[in-house]
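A quick write-up on the structure given underneath.
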Amino acid sequence: MSLHQPQQGAPLLDFARALDFAAHKHIDQRRKGVRAEPYVNHLSEVALLVAEATEGKDSVSVIAALLHDTLEDTDASYEEIERLFGEEVVRVVAETTDDKRMSKAERKQHQIDAAPTASNRAKLVKLADKVSNLRSMAASPPADWPLSRKIEYFEWAFAVVKGLRGVNPRLETLFDRAYHDGLAELRGEGV
Ligand code: ZN
């Protein structure tokens with residue numbers, strides 16, 4: 001068996017490979033917030049949220065969570081991810097990837113429109129992504145964003161998540177908490 005094939009029945013191996021792959025692909029990328037956290041912190045958080053939400057029973061979703069931004073933000077290709085991690089994983093990653101040919105506004109609208117028809121695995125990853133994004137927007141917002149823009153971001157995330165509900169109540173609860181606590185924190189109300 002080649003070392004570079006997804007290994008049926010060896011999810012830990014695929015998990016470690018995906019983590020290493022994503023860490024290398026995103027090596028020069030940081031979060032946009034004032035703390036400029038390494039991007040891999042976002043990926044590990046999304047993977048953990050998905051792993052907990054599925055009680056560690058769906059390695060495809062967790063591996064896709066680690067890889068969810070590779071197609072969008074790095075030079076990784078669909079074929080490369082398919083070859084290394086298999087067809088099921090790459091399909092979820094593709095579903096969580098914005099089409100860069102669209103304008104930013106179109107992409108934001110498309111996320112809202114596409115959410116309800118996403119596969120269950122993609123819904124999980126998208127939901128966890130929004131939890132992570134709202135948490136870091138509250139804890140470490142971009143320095144040059146006025147409050148109104150941060151609030152708009154929260155409202156947009158809420159609109160996307162509306163179409164993702166029904167697949168995992170636990171993740172929805174975490175999202176709702178991140179939304180309410182984050183908005184309170186941004187508005188200086190304390191939580
Ligand atoms: Zn992400």
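Note on naming: chains are A, B, ... as they come in the structure tokens, residues start from 1 per chain, ligands start from 1 in the order shown.
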Residues of chain A at most 7 Å from ligand 1: nearest atom pair and distance in Å, only C-alpha atoms and all ligand atoms, as a Markdown table:
```
| residue | atom | partner | partner_atom_place_in_ligand_line | distance |
| --- | --- | --- | --- | --- |
| A:His42 | CA | ligand 1 | 1 (Zn) | 6.7 |
| A:Leu43 | CA | ligand 1 | 1 (Zn) | 6.7 |
| A:His68 | CA | ligand 1 | 1 (Zn) | 6.4 |
| A:Asp69 | CA | ligand 1 | 1 (Zn) | 5.5 |
| A:Asp129 | CA | ligand 1 | 1 (Zn) | 5.0 |
```
Quick one: everything within 9 Å of Val89 in chain A, counting only C-alpha atoms, minus sequence neighbours fewer than 5 positions away in the same chain. Send it as a compact mmCIF listing (two decimals) with N, CA and C atoms, in the first residue's frame.
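Wrote out-v8.txt, looks like this:
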```
# COMPACT_ATOMS: atom_id res chain seq x y z
N VAL A 60 -14.42 11.11 8.56
CA VAL A 60 -14.47 11.89 7.31
C VAL A 60 -14.78 13.36 7.61
N SER A 61 -15.74 13.61 8.49
CA SER A 61 -16.10 14.99 8.83
C SER A 61 -14.96 15.70 9.54
N ILE A 63 -11.70 15.04 9.39
CA ILE A 63 -10.59 15.27 8.46
C ILE A 63 -10.96 16.41 7.49
N ALA A 64 -12.21 16.41 7.04
CA ALA A 64 -12.65 17.51 6.17
C ALA A 64 -12.59 18.84 6.93
N LEU A 67 -9.23 20.23 6.78
CA LEU A 67 -8.85 20.65 5.41
C LEU A 67 -9.80 21.70 4.83
N ILE A 81 -6.19 16.64 -2.89
CA ILE A 81 -6.90 16.24 -1.67
C ILE A 81 -7.64 14.91 -1.89
N GLU A 82 -8.17 14.75 -3.07
CA GLU A 82 -8.86 13.49 -3.38
C GLU A 82 -7.88 12.31 -3.33
N ALA A 94 -14.88 20.61 -0.79
CA ALA A 94 -15.36 21.43 -1.91
C ALA A 94 -16.63 22.18 -1.54
```
Next on the checklist: Give me the residues near Ser132 in chain A as an MDAnalysis selection string, where near means some atom within 8 Å (using only C-alpha atoms) and where sequence neighbours in that chain fewer than 3 positions away do not count.
Outcome noted: chainID A and resid 42 45:46 128:129 135:136
Can you spit out the residues from that selection as a short mmCIF file (atom, residue, chain, number, x, y, z; two decimals), in the first residue's frame, using N, CA and C atoms?
```
data_model
loop_
_atom_site.label_atom_id
_atom_site.label_comp_id
_atom_site.auth_asym_id
_atom_site.auth_seq_id
_atom_site.Cartn_x
_atom_site.Cartn_y
_atom_site.Cartn_z
N HIS A 42 -7.29 27.82 14.15
CA HIS A 42 -8.67 27.81 13.65
C HIS A 42 -9.05 26.40 13.18
N GLU A 45 -9.52 23.98 16.05
CA GLU A 45 -10.76 24.27 16.78
C GLU A 45 -11.97 23.72 16.02
N VAL A 46 -12.01 23.95 14.71
CA VAL A 46 -13.14 23.46 13.90
C VAL A 46 -13.18 21.92 13.93
N ALA A 128 -19.47 24.49 12.55
CA ALA A 128 -18.30 24.60 13.43
C ALA A 128 -17.41 25.76 13.01
N ASP A 129 -17.28 25.98 11.71
CA ASP A 129 -16.49 27.10 11.19
C ASP A 129 -17.05 28.43 11.70
N ARG A 135 -16.31 33.25 17.67
CA ARG A 135 -15.50 33.31 18.89
C ARG A 135 -14.27 34.18 18.68
N SER A 136 -13.59 34.00 17.56
CA SER A 136 -12.37 34.80 17.40
C SER A 136 -12.69 36.24 17.03
#
```
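By only C-alpha atoms, and with residues fewer than 3 positions from Asp98 in chain A along its chain excluded, the set lying at most 8 Å from it is A:Glu72, A:Arg107, A:Gln111.
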Helix (DSSP H, G or I) positions in range 7-189 of chain A, given as a compact mmCIF listing (two decimals) with N, CA and C atoms, in the first residue's frame:
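Written output follows (selection02.txt):
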```
# COMPACT_ATOMS: atom_id res chain seq x y z
N PRO A 11 -8.19 5.64 10.68
CA PRO A 11 -8.57 7.05 10.74
C PRO A 11 -7.54 7.93 11.46
N LEU A 12 -6.83 7.36 12.43
CA LEU A 12 -5.82 8.18 13.13
C LEU A 12 -4.70 8.58 12.18
N LEU A 13 -4.35 7.64 11.31
CA LEU A 13 -3.31 7.93 10.33
C LEU A 13 -3.76 9.05 9.39
N ASP A 14 -4.98 8.92 8.89
CA ASP A 14 -5.51 9.98 8.02
C ASP A 14 -5.64 11.30 8.76
N PHE A 15 -6.04 11.24 10.01
CA PHE A 15 -6.18 12.46 10.81
C PHE A 15 -4.82 13.16 10.95
N ALA A 16 -3.80 12.39 11.32
CA ALA A 16 -2.47 12.99 11.51
C ALA A 16 -1.94 13.55 10.19
N ARG A 17 -2.20 12.83 9.11
CA ARG A 17 -1.77 13.32 7.79
C ARG A 17 -2.47 14.62 7.40
N ALA A 18 -3.77 14.65 7.68
CA ALA A 18 -4.54 15.85 7.32
C ALA A 18 -4.08 17.05 8.14
N LEU A 19 -3.80 16.82 9.42
CA LEU A 19 -3.32 17.91 10.27
C LEU A 19 -1.97 18.43 9.75
N ASP A 20 -1.09 17.51 9.43
CA ASP A 20 0.23 17.89 8.93
C ASP A 20 0.12 18.62 7.58
N PHE A 21 -0.73 18.09 6.71
CA PHE A 21 -0.96 18.68 5.39
C PHE A 21 -1.49 20.12 5.54
N ALA A 22 -2.52 20.27 6.37
CA ALA A 22 -3.13 21.60 6.54
C ALA A 22 -2.14 22.57 7.19
N ALA A 23 -1.40 22.10 8.20
CA ALA A 23 -0.44 22.98 8.88
C ALA A 23 0.61 23.50 7.89
N HIS A 24 1.05 22.63 7.00
CA HIS A 24 2.04 23.06 6.01
C HIS A 24 1.44 23.99 4.96
N LYS A 25 0.24 23.65 4.49
CA LYS A 25 -0.38 24.46 3.44
C LYS A 25 -0.69 25.88 3.94
N TYR A 39 -3.00 30.21 11.74
CA TYR A 39 -4.24 29.74 11.14
C TYR A 39 -4.61 28.33 11.60
N VAL A 40 -3.57 27.54 11.90
CA VAL A 40 -3.83 26.14 12.28
C VAL A 40 -4.66 26.07 13.56
N ASN A 41 -4.62 27.11 14.40
CA ASN A 41 -5.48 27.12 15.60
C ASN A 41 -6.96 27.10 15.21
N HIS A 42 -7.29 27.82 14.15
CA HIS A 42 -8.67 27.81 13.65
C HIS A 42 -9.05 26.40 13.18
N LEU A 43 -8.15 25.76 12.45
CA LEU A 43 -8.44 24.43 11.90
C LEU A 43 -8.59 23.39 13.00
N SER A 44 -7.73 23.46 14.02
CA SER A 44 -7.83 22.49 15.11
C SER A 44 -9.11 22.72 15.91
N GLU A 45 -9.52 23.98 16.05
CA GLU A 45 -10.76 24.27 16.78
C GLU A 45 -11.97 23.72 16.02
N VAL A 46 -12.01 23.95 14.71
CA VAL A 46 -13.14 23.46 13.90
C VAL A 46 -13.18 21.92 13.93
N ALA A 47 -12.00 21.30 13.83
CA ALA A 47 -11.94 19.83 13.86
C ALA A 47 -12.41 19.29 15.22
N LEU A 48 -12.00 19.95 16.30
CA LEU A 48 -12.42 19.52 17.63
C LEU A 48 -13.94 19.66 17.80
N LEU A 49 -14.47 20.78 17.34
CA LEU A 49 -15.93 20.99 17.45
C LEU A 49 -16.69 19.90 16.71
N VAL A 50 -16.21 19.56 15.50
CA VAL A 50 -16.88 18.52 14.71
C VAL A 50 -16.70 17.15 15.37
N ALA A 51 -15.50 16.88 15.88
CA ALA A 51 -15.25 15.59 16.53
C ALA A 51 -16.14 15.41 17.75
N GLU A 52 -16.28 16.47 18.55
CA GLU A 52 -17.12 16.38 19.74
C GLU A 52 -18.59 16.25 19.36
N ALA A 53 -18.97 17.01 18.34
CA ALA A 53 -20.39 16.97 17.92
C ALA A 53 -20.78 15.59 17.41
N SER A 59 -14.83 10.07 11.10
CA SER A 59 -13.50 10.61 10.78
C SER A 59 -13.53 11.44 9.49
N VAL A 60 -14.42 11.11 8.56
CA VAL A 60 -14.47 11.89 7.31
C VAL A 60 -14.78 13.36 7.61
N SER A 61 -15.74 13.61 8.49
CA SER A 61 -16.10 14.99 8.83
C SER A 61 -14.96 15.70 9.54
N VAL A 62 -14.28 15.00 10.43
CA VAL A 62 -13.20 15.63 11.20
C VAL A 62 -12.02 15.96 10.28
N ILE A 63 -11.70 15.04 9.39
CA ILE A 63 -10.59 15.27 8.46
C ILE A 63 -10.96 16.41 7.49
N ALA A 64 -12.21 16.41 7.04
CA ALA A 64 -12.65 17.51 6.17
C ALA A 64 -12.59 18.84 6.93
N ALA A 65 -12.87 18.81 8.23
CA ALA A 65 -12.79 20.03 9.02
C ALA A 65 -11.35 20.58 9.04
N LEU A 66 -10.39 19.69 9.19
CA LEU A 66 -8.99 20.13 9.18
C LEU A 66 -8.61 20.76 7.84
N LEU A 67 -9.23 20.23 6.78
CA LEU A 67 -8.85 20.65 5.41
C LEU A 67 -9.80 21.70 4.83
N THR A 70 -8.36 24.62 2.82
CA THR A 70 -7.18 24.43 1.97
C THR A 70 -7.45 24.78 0.50
N LEU A 71 -8.63 24.42 -0.01
CA LEU A 71 -8.92 24.72 -1.42
C LEU A 71 -9.09 26.22 -1.62
N GLU A 72 -9.68 26.86 -0.62
CA GLU A 72 -9.98 28.28 -0.75
C GLU A 72 -8.73 29.16 -0.56
N ASP A 73 -7.89 28.79 0.38
CA ASP A 73 -6.82 29.71 0.81
C ASP A 73 -5.40 29.27 0.48
N TYR A 78 -8.09 20.16 -5.78
CA TYR A 78 -9.12 19.14 -5.57
C TYR A 78 -8.53 17.74 -5.76
N GLU A 79 -7.76 17.59 -6.85
CA GLU A 79 -7.20 16.28 -7.18
C GLU A 79 -6.23 15.81 -6.10
N GLU A 80 -5.43 16.76 -5.59
CA GLU A 80 -4.45 16.41 -4.56
C GLU A 80 -5.15 15.91 -3.29
N ILE A 81 -6.19 16.64 -2.89
CA ILE A 81 -6.90 16.24 -1.67
C ILE A 81 -7.64 14.91 -1.89
N GLU A 82 -8.17 14.75 -3.07
CA GLU A 82 -8.86 13.49 -3.38
C GLU A 82 -7.88 12.31 -3.33
N ARG A 83 -6.71 12.53 -3.91
CA ARG A 83 -5.70 11.45 -3.95
C ARG A 83 -5.23 11.10 -2.53
N LEU A 84 -5.01 12.12 -1.71
CA LEU A 84 -4.45 11.88 -0.38
C LEU A 84 -5.49 11.45 0.65
N PHE A 85 -6.71 11.98 0.53
CA PHE A 85 -7.68 11.76 1.61
C PHE A 85 -9.00 11.13 1.15
N GLU A 87 -12.33 10.45 -1.83
CA GLU A 87 -13.42 11.18 -2.48
C GLU A 87 -14.43 11.77 -1.50
N GLU A 88 -14.73 11.01 -0.44
CA GLU A 88 -15.71 11.52 0.53
C GLU A 88 -15.22 12.80 1.18
N VAL A 89 -13.95 12.81 1.54
CA VAL A 89 -13.38 13.99 2.21
C VAL A 89 -13.36 15.18 1.26
N VAL A 90 -12.87 14.97 0.04
CA VAL A 90 -12.71 16.13 -0.85
C VAL A 90 -14.07 16.72 -1.23
N ARG A 91 -15.10 15.88 -1.27
CA ARG A 91 -16.43 16.43 -1.60
C ARG A 91 -16.90 17.39 -0.51
N VAL A 92 -16.65 17.05 0.75
CA VAL A 92 -17.04 17.93 1.85
C VAL A 92 -16.20 19.22 1.80
N VAL A 93 -14.91 19.07 1.54
CA VAL A 93 -14.04 20.25 1.47
C VAL A 93 -14.52 21.19 0.35
N ALA A 94 -14.88 20.61 -0.79
CA ALA A 94 -15.36 21.43 -1.91
C ALA A 94 -16.63 22.18 -1.54
N GLU A 95 -17.49 21.51 -0.76
CA GLU A 95 -18.75 22.17 -0.36
C GLU A 95 -18.53 23.33 0.60
N LYS A 104 -17.02 39.43 -3.41
CA LYS A 104 -17.16 39.13 -1.99
C LYS A 104 -18.64 39.12 -1.57
N ALA A 105 -19.38 40.09 -2.08
CA ALA A 105 -20.81 40.18 -1.72
C ALA A 105 -21.57 38.96 -2.25
N GLU A 106 -21.24 38.55 -3.47
CA GLU A 106 -21.90 37.36 -4.05
C GLU A 106 -21.58 36.10 -3.25
N ARG A 107 -20.32 36.00 -2.82
CA ARG A 107 -19.92 34.83 -2.03
C ARG A 107 -20.69 34.77 -0.72
N LYS A 108 -20.86 35.94 -0.10
CA LYS A 108 -21.58 35.97 1.19
C LYS A 108 -23.04 35.54 0.99
N GLN A 109 -23.65 36.05 -0.08
CA GLN A 109 -25.04 35.66 -0.36
C GLN A 109 -25.12 34.17 -0.71
N HIS A 110 -24.13 33.72 -1.46
CA HIS A 110 -24.13 32.31 -1.87
C HIS A 110 -24.04 31.39 -0.66
N GLN A 111 -23.26 31.78 0.34
CA GLN A 111 -23.19 30.94 1.56
C GLN A 111 -24.57 30.79 2.20
N ILE A 112 -25.32 31.89 2.21
CA ILE A 112 -26.67 31.84 2.79
C ILE A 112 -27.55 30.93 1.94
N ASP A 113 -27.49 31.12 0.62
CA ASP A 113 -28.36 30.36 -0.29
C ASP A 113 -28.02 28.86 -0.32
N ALA A 114 -26.71 28.53 -0.23
CA ALA A 114 -26.28 27.14 -0.40
C ALA A 114 -26.41 26.33 0.88
N ALA A 115 -26.53 26.99 2.02
CA ALA A 115 -26.51 26.27 3.31
C ALA A 115 -27.58 25.17 3.41
N PRO A 116 -28.84 25.47 3.07
CA PRO A 116 -29.88 24.46 3.32
C PRO A 116 -29.71 23.17 2.51
N THR A 117 -29.06 23.24 1.36
CA THR A 117 -28.93 22.04 0.52
C THR A 117 -27.57 21.36 0.65
N ASN A 120 -25.01 16.71 4.99
CA ASN A 120 -24.96 16.79 6.46
C ASN A 120 -23.54 17.03 6.98
N ARG A 121 -22.58 16.37 6.36
CA ARG A 121 -21.19 16.57 6.80
C ARG A 121 -20.74 18.01 6.55
N ALA A 122 -21.08 18.54 5.40
CA ALA A 122 -20.70 19.93 5.10
C ALA A 122 -21.40 20.88 6.07
N LYS A 123 -22.65 20.56 6.40
CA LYS A 123 -23.36 21.41 7.37
C LYS A 123 -22.63 21.44 8.71
N LEU A 124 -22.16 20.28 9.15
CA LEU A 124 -21.42 20.22 10.42
C LEU A 124 -20.17 21.09 10.37
N VAL A 125 -19.41 20.95 9.28
CA VAL A 125 -18.15 21.71 9.18
C VAL A 125 -18.44 23.21 9.08
N LYS A 126 -19.45 23.57 8.30
CA LYS A 126 -19.80 24.99 8.14
C LYS A 126 -20.24 25.58 9.48
N LEU A 127 -21.03 24.81 10.21
CA LEU A 127 -21.52 25.26 11.52
C LEU A 127 -20.35 25.46 12.48
N ALA A 128 -19.47 24.49 12.55
CA ALA A 128 -18.30 24.60 13.43
C ALA A 128 -17.41 25.76 13.01
N ASP A 129 -17.28 25.98 11.71
CA ASP A 129 -16.49 27.10 11.19
C ASP A 129 -17.05 28.43 11.70
N LYS A 130 -18.37 28.54 11.66
CA LYS A 130 -19.00 29.80 12.11
C LYS A 130 -18.84 29.97 13.63
N VAL A 131 -18.91 28.89 14.38
CA VAL A 131 -18.67 28.99 15.84
C VAL A 131 -17.27 29.55 16.07
N SER A 132 -16.30 28.95 15.41
CA SER A 132 -14.90 29.39 15.58
C SER A 132 -14.72 30.84 15.14
N ASN A 133 -15.33 31.19 14.01
CA ASN A 133 -15.16 32.56 13.49
C ASN A 133 -15.77 33.60 14.43
N LEU A 134 -16.95 33.30 14.97
CA LEU A 134 -17.58 34.28 15.87
C LEU A 134 -16.79 34.38 17.17
N ARG A 135 -16.31 33.25 17.67
CA ARG A 135 -15.50 33.31 18.89
C ARG A 135 -14.27 34.18 18.68
N SER A 136 -13.59 34.00 17.56
CA SER A 136 -12.37 34.80 17.40
C SER A 136 -12.69 36.24 17.03
N MET A 137 -13.84 36.46 16.37
CA MET A 137 -14.24 37.85 16.10
C MET A 137 -14.49 38.60 17.41
N ALA A 138 -15.02 37.90 18.41
CA ALA A 138 -15.28 38.54 19.71
C ALA A 138 -14.00 38.68 20.53
N ALA A 139 -13.16 37.64 20.51
CA ALA A 139 -11.97 37.64 21.36
C ALA A 139 -10.83 38.44 20.75
N LEU A 147 -17.38 48.87 15.04
CA LEU A 147 -18.35 47.97 15.69
C LEU A 147 -19.45 47.53 14.72
N SER A 148 -19.92 48.48 13.89
CA SER A 148 -21.03 48.16 12.98
C SER A 148 -20.65 47.03 12.02
N ARG A 149 -19.40 47.01 11.59
CA ARG A 149 -18.98 45.96 10.66
C ARG A 149 -18.90 44.61 11.37
N LYS A 150 -18.44 44.63 12.61
CA LYS A 150 -18.38 43.37 13.37
C LYS A 150 -19.80 42.82 13.61
N ILE A 151 -20.72 43.72 13.93
CA ILE A 151 -22.11 43.29 14.16
C ILE A 151 -22.71 42.73 12.88
N GLU A 152 -22.43 43.41 11.77
CA GLU A 152 -22.90 42.91 10.47
C GLU A 152 -22.38 41.50 10.20
N TYR A 153 -21.14 41.26 10.56
CA TYR A 153 -20.54 39.93 10.38
C TYR A 153 -21.29 38.89 11.21
N PHE A 154 -21.62 39.26 12.44
CA PHE A 154 -22.39 38.35 13.30
C PHE A 154 -23.75 38.04 12.68
N GLU A 155 -24.41 39.08 12.16
CA GLU A 155 -25.75 38.88 11.58
C GLU A 155 -25.69 38.01 10.32
N TRP A 156 -24.64 38.22 9.54
CA TRP A 156 -24.46 37.40 8.34
C TRP A 156 -24.24 35.93 8.74
N ALA A 157 -23.38 35.70 9.72
CA ALA A 157 -23.13 34.32 10.18
C ALA A 157 -24.44 33.68 10.67
N PHE A 158 -25.24 34.47 11.37
CA PHE A 158 -26.53 33.97 11.88
C PHE A 158 -27.43 33.54 10.72
N ALA A 159 -27.42 34.35 9.66
CA ALA A 159 -28.26 34.05 8.48
C ALA A 159 -27.79 32.78 7.78
N VAL A 160 -26.48 32.57 7.69
CA VAL A 160 -25.95 31.34 7.09
C VAL A 160 -26.37 30.14 7.93
N VAL A 161 -26.20 30.28 9.25
CA VAL A 161 -26.47 29.15 10.15
C VAL A 161 -27.95 28.78 10.17
N LYS A 162 -28.80 29.73 9.87
CA LYS A 162 -30.23 29.42 9.76
C LYS A 162 -30.47 28.24 8.81
N PRO A 169 -27.90 19.49 17.14
CA PRO A 169 -28.35 20.45 18.16
C PRO A 169 -27.22 20.95 19.05
N ARG A 170 -26.27 20.07 19.33
CA ARG A 170 -25.16 20.45 20.20
C ARG A 170 -24.33 21.59 19.60
N LEU A 171 -24.03 21.47 18.32
CA LEU A 171 -23.26 22.52 17.65
C LEU A 171 -24.09 23.80 17.52
N GLU A 172 -25.38 23.63 17.29
CA GLU A 172 -26.25 24.81 17.21
C GLU A 172 -26.25 25.59 18.52
N THR A 173 -26.27 24.85 19.63
CA THR A 173 -26.24 25.50 20.94
C THR A 173 -24.93 26.28 21.11
N LEU A 174 -23.83 25.66 20.69
CA LEU A 174 -22.54 26.34 20.79
C LEU A 174 -22.52 27.59 19.91
N PHE A 175 -23.14 27.47 18.73
CA PHE A 175 -23.21 28.65 17.86
C PHE A 175 -24.02 29.75 18.53
N ASP A 176 -25.19 29.39 19.04
CA ASP A 176 -26.05 30.42 19.64
C ASP A 176 -25.34 31.10 20.82
N ARG A 177 -24.57 30.32 21.57
CA ARG A 177 -23.82 30.90 22.68
C ARG A 177 -22.73 31.85 22.15
N ALA A 178 -22.01 31.41 21.13
CA ALA A 178 -20.95 32.26 20.55
C ALA A 178 -21.56 33.55 19.99
N TYR A 179 -22.74 33.43 19.42
CA TYR A 179 -23.42 34.59 18.84
C TYR A 179 -23.83 35.58 19.94
N HIS A 180 -24.53 35.08 20.95
CA HIS A 180 -25.03 35.99 21.99
C HIS A 180 -23.90 36.54 22.86
N ASP A 181 -23.01 35.66 23.30
CA ASP A 181 -21.90 36.13 24.14
C ASP A 181 -20.98 37.07 23.36
N GLY A 182 -20.74 36.72 22.09
CA GLY A 182 -19.84 37.54 21.27
C GLY A 182 -20.39 38.93 21.04
N LEU A 183 -21.69 39.01 20.72
CA LEU A 183 -22.30 40.32 20.51
C LEU A 183 -22.26 41.15 21.79
N ALA A 184 -22.54 40.50 22.92
CA ALA A 184 -22.50 41.21 24.20
C ALA A 184 -21.10 41.73 24.47
N GLU A 185 -20.12 40.91 24.18
CA GLU A 185 -18.74 41.32 24.42
C GLU A 185 -18.33 42.48 23.52
N LEU A 186 -18.72 42.40 22.26
CA LEU A 186 -18.39 43.49 21.32
C LEU A 186 -19.04 44.79 21.75
```
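The residue that comes closest to Ala76 in chain A, out of A:His26, A:Arg101, A:Arg31, A:Arg187 and on the basis of only C-alpha atoms, is A:His26.
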